[in-house]
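**Student:** Sharing a structure, written as structure tokens. Questions coming.
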Amino acid sequence: MAIPAAAWQGGERTGGRLALTGSWNAEHAAALEGVVAAALAKSTTAGPVAIECSALVGFDTLGAYLIHKLATGLGSGGHPVEIVGLTPAQRILLDEVSVTIRQPEARSELGNAYRILSDIGEGVVDAGRDVAGGVSFFGSVVIALGRLFTGRTRLRFPAVVAQLERVGLRSVPIIVLISFLVGAIISQQSVFQLRPYGTVQFVADLIGILSLRELAVLLTSIMIAGRSGSSFTAELGSMKMREEVDALETMGMDPIEVLVLPRLLALIIAMPLLTFLSAMASIGGGALVAMVYGGVSADVFFSRLQNAIALNTFLVGMIKAPFMALVIGITACIEGFAVRGSAESLGTHTTASVVKSIFMVIVVDGLFAMFFAAIDY
Amino acid sequence: MAERNGHDRDDDPPGTRQPGGTIIEVRDLAVGFGERLIMDGLDLDVRRGEILGVVGASGTGKSVLLRTIIGLIRQRRGQIRVFGHDMGTIGERRRRLIEQRWGILFQHGALFSSLTVKQNIQFPMREYLKLSEPLLDEMAMVKLHLVGLKPEAAERYPSELSGGMIKRAALARALALDPEIVFLDEPTSGLDPIGAADFDELIATLQKTLGLTVFMVTHDLDSLAGICDRIAALGDGKVLHEGTIDEMKQQRHPWLQAYFNGPRARASHVHTRSRGA
Ligand SMILES: Nc1ncnc2c1ncn2[C@@H]1O[C@H](COP(=O)(O)OP(=O)(O)OP(=O)(O)O)[C@@H](O)[C@H]1O
Ligand SMILES: [Mg+2]
């Protein structure tokens, strides 16, 4: 009884009667579509039609819409269609759902070749916009810094300290661990490769210079981009989504000053410290492996290390750290402010933040390498 | 009317099926966060086919009660029966079936931000109904029309809607599966008076035509006077009183006095209009 059906009765040429039975509701959705299509296909009547609903168990909005659709379909030939046997409540419901659906016209289908070209074009424009956006954002940060130093606005000291704890202190364990392990791995490989030449002790030079000049700052930057950059983007992005940024602005506060500066300053302070720890950890890891696996005594290792590195080796790494912090912080904040209303956009921008920061870090590192080589430092 | 015949419905105890039967039964409910008990010993019945208005001062736990009934917050004590099934002991599978039979309009809409309005409405339909793609589109448009949104709104994202449009779109999504119960958390707040009246009328129409049961948290005295069959007032962790609006006005409790006989109540239709049978 519950199964919905529609049966044509007395198929006189002049008109017809379509009897609906069963419950026309969402539960029988799949069957209903078939019933309606079949009833329409079998309609041979050339006259007025009555849709008889008195035997219906009931219907919901889906059923009501389908009855409406059936009536519209049957009436398309110009003959009147009457729906009979409805209770007053059913009549109201039917009227409520009786809309003529005007499908929004499908967007014109463009060819594949066209789409590829337009994607490339968009990509180029976006890249250009990224650069312009980055420069203008950097400008606003510099202006905010200027206001800070000329005393026209105060430094939000507690915010900086709170951020410093999050990006600095809490990153220490993971950065130290990773650096230690990478140092150990590089040392193991070096010992292995140097052993045939009997120059195992040079592992100290290798580890020392590599860690201080490149490894520590790169590892730290990549870890910070993944750990803190992503969280900056997500925080700023969700504040943007919930209009918190707008609220700040209407209270006469500059989001760059309140949200960006503390984060950026905390990063700039934390990065050199973390880089230093990372360098120490990777040298420590390297030393341990050199002693245990390479059989280099501690005396030899550290005296070679002392010979190999000078103050400038150390400074080369440390000078880069604040610049990396700037690159990561600015990229993360730009992406955060670019978030639009949806959760998906938050995800996209967080990913973009990490990917772009890491890319930029490596580009900047390359530029520094060229620079230091040129000035022979 | 509009009785559904799914196997899950056949499990319902007969008492809950006819109009006027108790469809939601809350007994001795206690809910708390940390040290604080928000509700303590609350009893409430919702009958099939009625519109129940839930009122109470801000922070008395109306939203918490709603969220507890639909299972988003666990109670400390007490029993909740929906369609006669004890929600505390019901299995996962039966629970899913019951969840398809109610629709919820959250206080802030809770539309999925990365889906368009149309996709939001189609989301539960796609999951639970076997509809063809064109019919899915058409049904989404029907629901939009039902809640009074223009077809143009279908392709917009929630972040591109006004507050009132969000409410309407969220109601359309709550109605997507033609539920038997809808829970509305302040449906008319943030709507203009005309929009709010339309909204009330829509809810009343759905109740009359679909036999919908409505659990409505509201501060809107016009809705309470205009469409609610019964009102339950929360306070002190309990239901202070439940009854029709006229009964509420007779109550001695100071908060109820202030609420139903205050200046705003006098300004609204509470005194001039009372709901017929
Ligand atoms: N997740 C939560 N954790 C802790 N406390 C909560 C939580 N959710 C609600 N509360 C507290 O429970 C109480 C009741 O909150 P609820 O949101 O139900 O109020 P309400 O009656 O709906 O108020 P309004 O009319 O303003 O919407 C409030 O005091 C609130 O602080
Ligand atoms: Mg609330």
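Every chain in the structure tokens takes a letter, A first, then B, and so on in the order presented; its residues are numbered from 1, and the ligands are numbered from 1 following the presented order.
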How would you report the residues lying within 8 Å of ligand 2, as a PDB file with C-alpha atoms, in the first residue's frame, if you count only C-alpha atoms and all ligand atoms?

**Tutor:**
```
ATOM      1  CA  SER B  58      19.693  34.832  28.194  1.00  0.00           C
ATOM      2  CA  GLY B  59      22.000  32.161  29.525  1.00  0.00           C
ATOM      3  CA  GLY B  61      20.241  27.168  28.933  1.00  0.00           C
ATOM      4  CA  LYS B  62      17.717  27.135  26.117  1.00  0.00           C
ATOM      5  CA  SER B  63      20.351  26.383  23.509  1.00  0.00           C
ATOM      6  CA  VAL B  64      21.954  23.897  25.867  1.00  0.00           C
ATOM      7  CA  GLN B 107      21.342  29.833  16.367  1.00  0.00           C
ATOM      8  CA  ASP B 185      17.099  28.171  17.834  1.00  0.00           C
ATOM      9  CA  GLU B 186      15.920  31.772  17.648  1.00  0.00           C
ATOM     10  CA  VAL B 217      13.660  28.641  21.181  1.00  0.00           C
TER      11      VAL B 217
END
```

**Student:** Could you give me, as a ChimeraX atom specification, the residues within 8 Å of Ala266 of chain A, counting only C-alpha atoms and dropping anything in the same chain fewer than 2 positions from it?

**Tutor:** /A:160-161,163-164,167-168,262-264,268-270

**Student:** Okay, now the selection with N, CA, C and O atoms, as a compact mmCIF listing (two decimals), in the first residue's frame?

**Tutor:**
```txt
# COMPACT_ATOMS: atom_id res chain seq x y z
N VAL A 160 53.76 40.21 22.45
CA VAL A 160 55.02 39.74 21.90
C VAL A 160 55.56 38.59 22.75
O VAL A 160 56.00 37.56 22.23
N VAL A 161 55.47 38.74 24.07
CA VAL A 161 55.99 37.69 24.94
C VAL A 161 55.19 36.39 24.75
O VAL A 161 55.77 35.31 24.66
N GLN A 163 53.58 35.43 22.10
CA GLN A 163 53.95 34.85 20.82
C GLN A 163 55.34 34.22 20.90
O GLN A 163 55.59 33.16 20.32
N LEU A 164 56.22 34.89 21.63
CA LEU A 164 57.59 34.40 21.75
C LEU A 164 57.59 33.02 22.39
O LEU A 164 58.33 32.13 21.98
N VAL A 167 56.11 30.60 19.54
CA VAL A 167 56.96 30.28 18.38
C VAL A 167 58.37 29.93 18.80
O VAL A 167 59.06 29.21 18.09
N GLY A 168 58.81 30.44 19.94
CA GLY A 168 60.18 30.20 20.35
C GLY A 168 60.30 29.00 21.26
O GLY A 168 60.69 27.91 20.84
N PRO A 262 53.24 41.91 16.70
CA PRO A 262 53.72 41.04 17.78
C PRO A 262 54.23 39.70 17.24
O PRO A 262 55.26 39.19 17.69
N ARG A 263 53.52 39.16 16.26
CA ARG A 263 53.94 37.87 15.72
C ARG A 263 55.28 38.00 14.99
O ARG A 263 56.18 37.17 15.15
N LEU A 264 55.37 39.06 14.21
CA LEU A 264 56.57 39.25 13.41
C LEU A 264 57.78 39.50 14.32
O LEU A 264 58.85 38.91 14.12
N ILE A 268 61.15 37.32 14.71
CA ILE A 268 62.47 37.87 14.43
C ILE A 268 63.40 37.67 15.63
O ILE A 268 64.59 37.43 15.48
N ILE A 269 62.83 37.73 16.83
CA ILE A 269 63.66 37.47 18.01
C ILE A 269 63.95 35.99 18.15
O ILE A 269 65.06 35.58 18.48
N ALA A 270 62.95 35.16 17.88
CA ALA A 270 63.09 33.73 18.16
C ALA A 270 63.99 33.04 17.14
O ALA A 270 64.74 32.13 17.49
```

**Student:** Residues up to 10 Å from ligand 1, counting only C-alpha atoms and all ligand atoms: could you list those as an MDAnalysis selection string?

**Tutor:** chainID B and resid 31:39 54:68 73 107 185:186 217:219 234:235 237

**Student:** Counting only C-alpha atoms, what are the residues of chain A within 9 Å of chain B, and for each of them which pair of atoms is the nearest and at what distance in Å, to one decimal? Sort the table by chain and rising number, as a tab-separated table.

**Tutor:**
```
residue	atom	partner	partner_atom	distance
A:Ala2	CA	B:Asn5	CA	6.8
A:Ser23	CA	B:Arg4	CA	7.2
A:Trp24	CA	B:Ala2	CA	8.3
A:Asn25	CA	B:Arg4	CA	7.1
A:Ala26	CA	B:Leu129	CA	6.7
A:Glu27	CA	B:Gly6	CA	6.9
A:His28	CA	B:Lys130	CA	8.4
A:Ala29	CA	B:Lys130	CA	6.0
A:Ala30	CA	B:Lys130	CA	5.2
A:Ala31	CA	B:Lys130	CA	8.9
A:Glu33	CA	B:Leu131	CA	7.8
A:Val57	CA	B:Ala2	CA	7.2
A:Gly58	CA	B:Ala2	CA	4.3
A:Phe59	CA	B:Ala2	CA	4.9
A:Asp60	CA	B:Ala2	CA	5.7
A:Thr61	CA	B:Asp178	CA	6.8
A:Leu62	CA	B:Met139	CA	6.9
A:Tyr65	CA	B:Val142	CA	7.6
A:Pro88	CA	B:Thr209	CA	8.6
A:Ala89	CA	B:Thr209	CA	4.8
A:Gln90	CA	B:Thr209	CA	6.0
A:Arg91	CA	B:Thr209	CA	8.4
A:Ile92	CA	B:Thr209	CA	6.7
A:Leu93	CA	B:Thr209	CA	5.6
A:Glu96	CA	B:Leu146	CA	6.4
A:Val97	CA	B:Val142	CA	5.9
A:Ser98	CA	B:Val142	CA	8.0
A:Val99	CA	B:Val142	CA	6.8
A:Thr100	CA	B:Val142	CA	8.8
A:Ile101	CA	B:Glu138	CA	6.5
A:Arg102	CA	B:Pro151	CA	8.2
A:Gln103	CA	B:Glu138	CA	8.1
A:Pro104	CA	B:Glu152	CA	8.1
A:Met241	CA	B:Ser159	CA	8.4
A:Arg340	CA	B:Ser159	CA	8.1
A:Gly341	CA	B:Ser159	CA	4.9
A:Ser342	CA	B:Ser113	CA	4.4
A:Ala343	CA	B:Ser114	CA	5.7
A:Glu344	CA	B:Ser114	CA	5.4
A:Ser345	CA	B:Ser114	CA	7.6
```

**Student:** Could the residues in this selection be written to a file with C-alpha atoms, as a short mmCIF file (atom, residue, chain, number, x, y, z; two decimals), in the first residue's frame?

**Tutor:**
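And here's part_36.cif as it stands now:
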```
data_model
loop_
_atom_site.label_atom_id
_atom_site.label_comp_id
_atom_site.auth_asym_id
_atom_site.auth_seq_id
_atom_site.Cartn_x
_atom_site.Cartn_y
_atom_site.Cartn_z
CA ALA A 2 2.79 2.33 0.81
CA SER A 23 2.67 7.40 0.08
CA TRP A 24 4.41 9.97 -2.03
CA ASN A 25 7.27 10.88 0.20
CA ALA A 26 11.01 11.11 0.29
CA GLU A 27 11.37 7.53 1.38
CA HIS A 28 10.19 6.34 -2.00
CA ALA A 29 12.10 9.02 -3.82
CA ALA A 30 13.74 6.75 -6.36
CA ALA A 31 10.50 4.92 -7.19
CA GLU A 33 10.68 9.64 -10.14
CA VAL A 57 -1.70 7.71 1.92
CA GLY A 58 0.03 11.07 2.11
CA PHE A 59 2.82 13.14 0.67
CA ASP A 60 5.57 15.45 1.79
CA THR A 61 7.18 18.34 -0.05
CA LEU A 62 8.96 16.01 -2.44
CA TYR A 65 6.43 18.86 -5.94
CA PRO A 88 -7.41 21.32 2.59
CA ALA A 89 -4.02 20.89 4.27
CA GLN A 90 -2.70 18.98 1.28
CA ARG A 91 -4.00 21.69 -1.01
CA ILE A 92 -2.06 24.33 0.92
CA LEU A 93 1.12 22.29 0.78
CA GLU A 96 3.37 26.17 -1.37
CA VAL A 97 5.61 24.03 -3.54
CA SER A 98 4.06 24.98 -6.85
CA VAL A 99 6.93 26.85 -8.34
CA THR A 100 8.08 26.81 -11.84
CA ILE A 101 11.73 26.07 -11.61
CA ARG A 102 13.71 28.28 -13.86
CA GLN A 103 17.06 26.58 -14.02
CA PRO A 104 19.81 29.16 -14.00
CA MET A 241 36.27 34.81 8.56
CA ARG A 340 37.63 34.59 2.49
CA GLY A 341 34.42 33.28 4.00
CA SER A 342 34.74 29.54 3.59
CA ALA A 343 36.46 26.81 5.55
CA GLU A 344 37.93 25.57 2.30
CA SER A 345 39.59 28.90 1.65
#
```

**Student:** Apply DSSP to the structure's backbone, then extract all residues of segment 104-311 of chain A labelled alpha helix (DSSP H) and return them as a PyMOL selection string.

**Tutor:** chain A and resi 112-149+157-167+172-194+203-210+216-224+230-241+244-250+255+261-292+298-308+311

**Student:** Given only C-alpha atoms as the basis, pick out the residue of B:Gly78, B:Gly84, B:Gly41, B:Gly49 nearest to Ile24 of chain B.

**Tutor:**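 Going through B:Gly78, B:Gly84, B:Gly41, B:Gly49 one by one, the smallest distance to Ile24 of chain B is for B:Gly84.
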
**Student:** Tell me which protein, DNA and RNA residues are within 10 Å of Arg81 of chain B, counting only C-alpha atoms, leaving out same-chain ones fewer than 5 positions away, and put them as a PyMOL selection string.

**Tutor:** chain B and resi 22-27+45+69+86-90

**Student:** Could those selected residues go to a file with N, CA and C atoms, as a tab-separated table (two decimals), in the first residue's frame?

**Tutor:**
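Wrote it out as result.tsv, contents follow:
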```
chain	number	residue	atom	x	y	z
B	22	THR	N	3.08	12.12	22.89
B	22	THR	CA	4.32	12.74	23.33
B	22	THR	C	5.46	12.30	22.42
B	23	ILE	N	6.03	13.24	21.70
B	23	ILE	CA	7.06	12.90	20.71
B	23	ILE	C	8.44	13.08	21.31
B	24	ILE	N	8.58	14.05	22.22
B	24	ILE	CA	9.83	14.21	22.98
B	24	ILE	C	9.47	14.24	24.45
B	25	GLU	N	10.17	13.42	25.22
B	25	GLU	CA	9.88	13.35	26.64
B	25	GLU	C	11.20	13.52	27.38
B	26	VAL	N	11.32	14.58	28.16
B	26	VAL	CA	12.54	14.83	28.93
B	26	VAL	C	12.20	14.67	30.40
B	27	ARG	N	12.96	13.84	31.09
B	27	ARG	CA	12.66	13.58	32.51
B	27	ARG	C	13.90	13.77	33.37
B	45	ASP	N	7.69	17.94	28.05
B	45	ASP	CA	7.08	17.10	27.03
B	45	ASP	C	6.83	17.94	25.79
B	69	ILE	N	19.04	17.61	23.83
B	69	ILE	CA	18.01	16.73	23.26
B	69	ILE	C	18.52	16.10	21.96
B	86	ASP	N	14.58	5.79	23.95
B	86	ASP	CA	15.49	6.39	24.93
B	86	ASP	C	16.82	6.71	24.24
B	87	MET	N	17.12	7.99	24.11
B	87	MET	CA	18.31	8.38	23.36
B	87	MET	C	19.60	7.97	24.06
B	88	GLY	N	19.49	7.69	25.37
B	88	GLY	CA	20.69	7.30	26.11
B	88	GLY	C	21.14	5.88	25.79
B	89	THR	N	20.18	5.00	25.49
B	89	THR	CA	20.54	3.60	25.34
B	89	THR	C	20.40	3.12	23.90
B	90	ILE	N	19.91	4.00	23.04
B	90	ILE	CA	19.65	3.61	21.65
B	90	ILE	C	20.98	3.32	20.94
```

**Student:** Could you give me the residues within segment 37-177 of chain B that DSSP places in strand (DSSP E), as a list of chain:residue names?

**Tutor:** B:Leu37, B:Ile38, B:Met39, B:Asp40, B:Gly41, B:Leu42, B:Asp43, B:Leu44, B:Asp45, B:Val46, B:Arg47, B:Ile51, B:Leu52, B:Gly53, B:Val54, B:Val55, B:Arg77, B:Gly78, B:Gln79, B:Ile80, B:Arg81, B:Val82, B:His85, B:Asp86, B:Trp102, B:Gly103, B:Ile104, B:Leu105
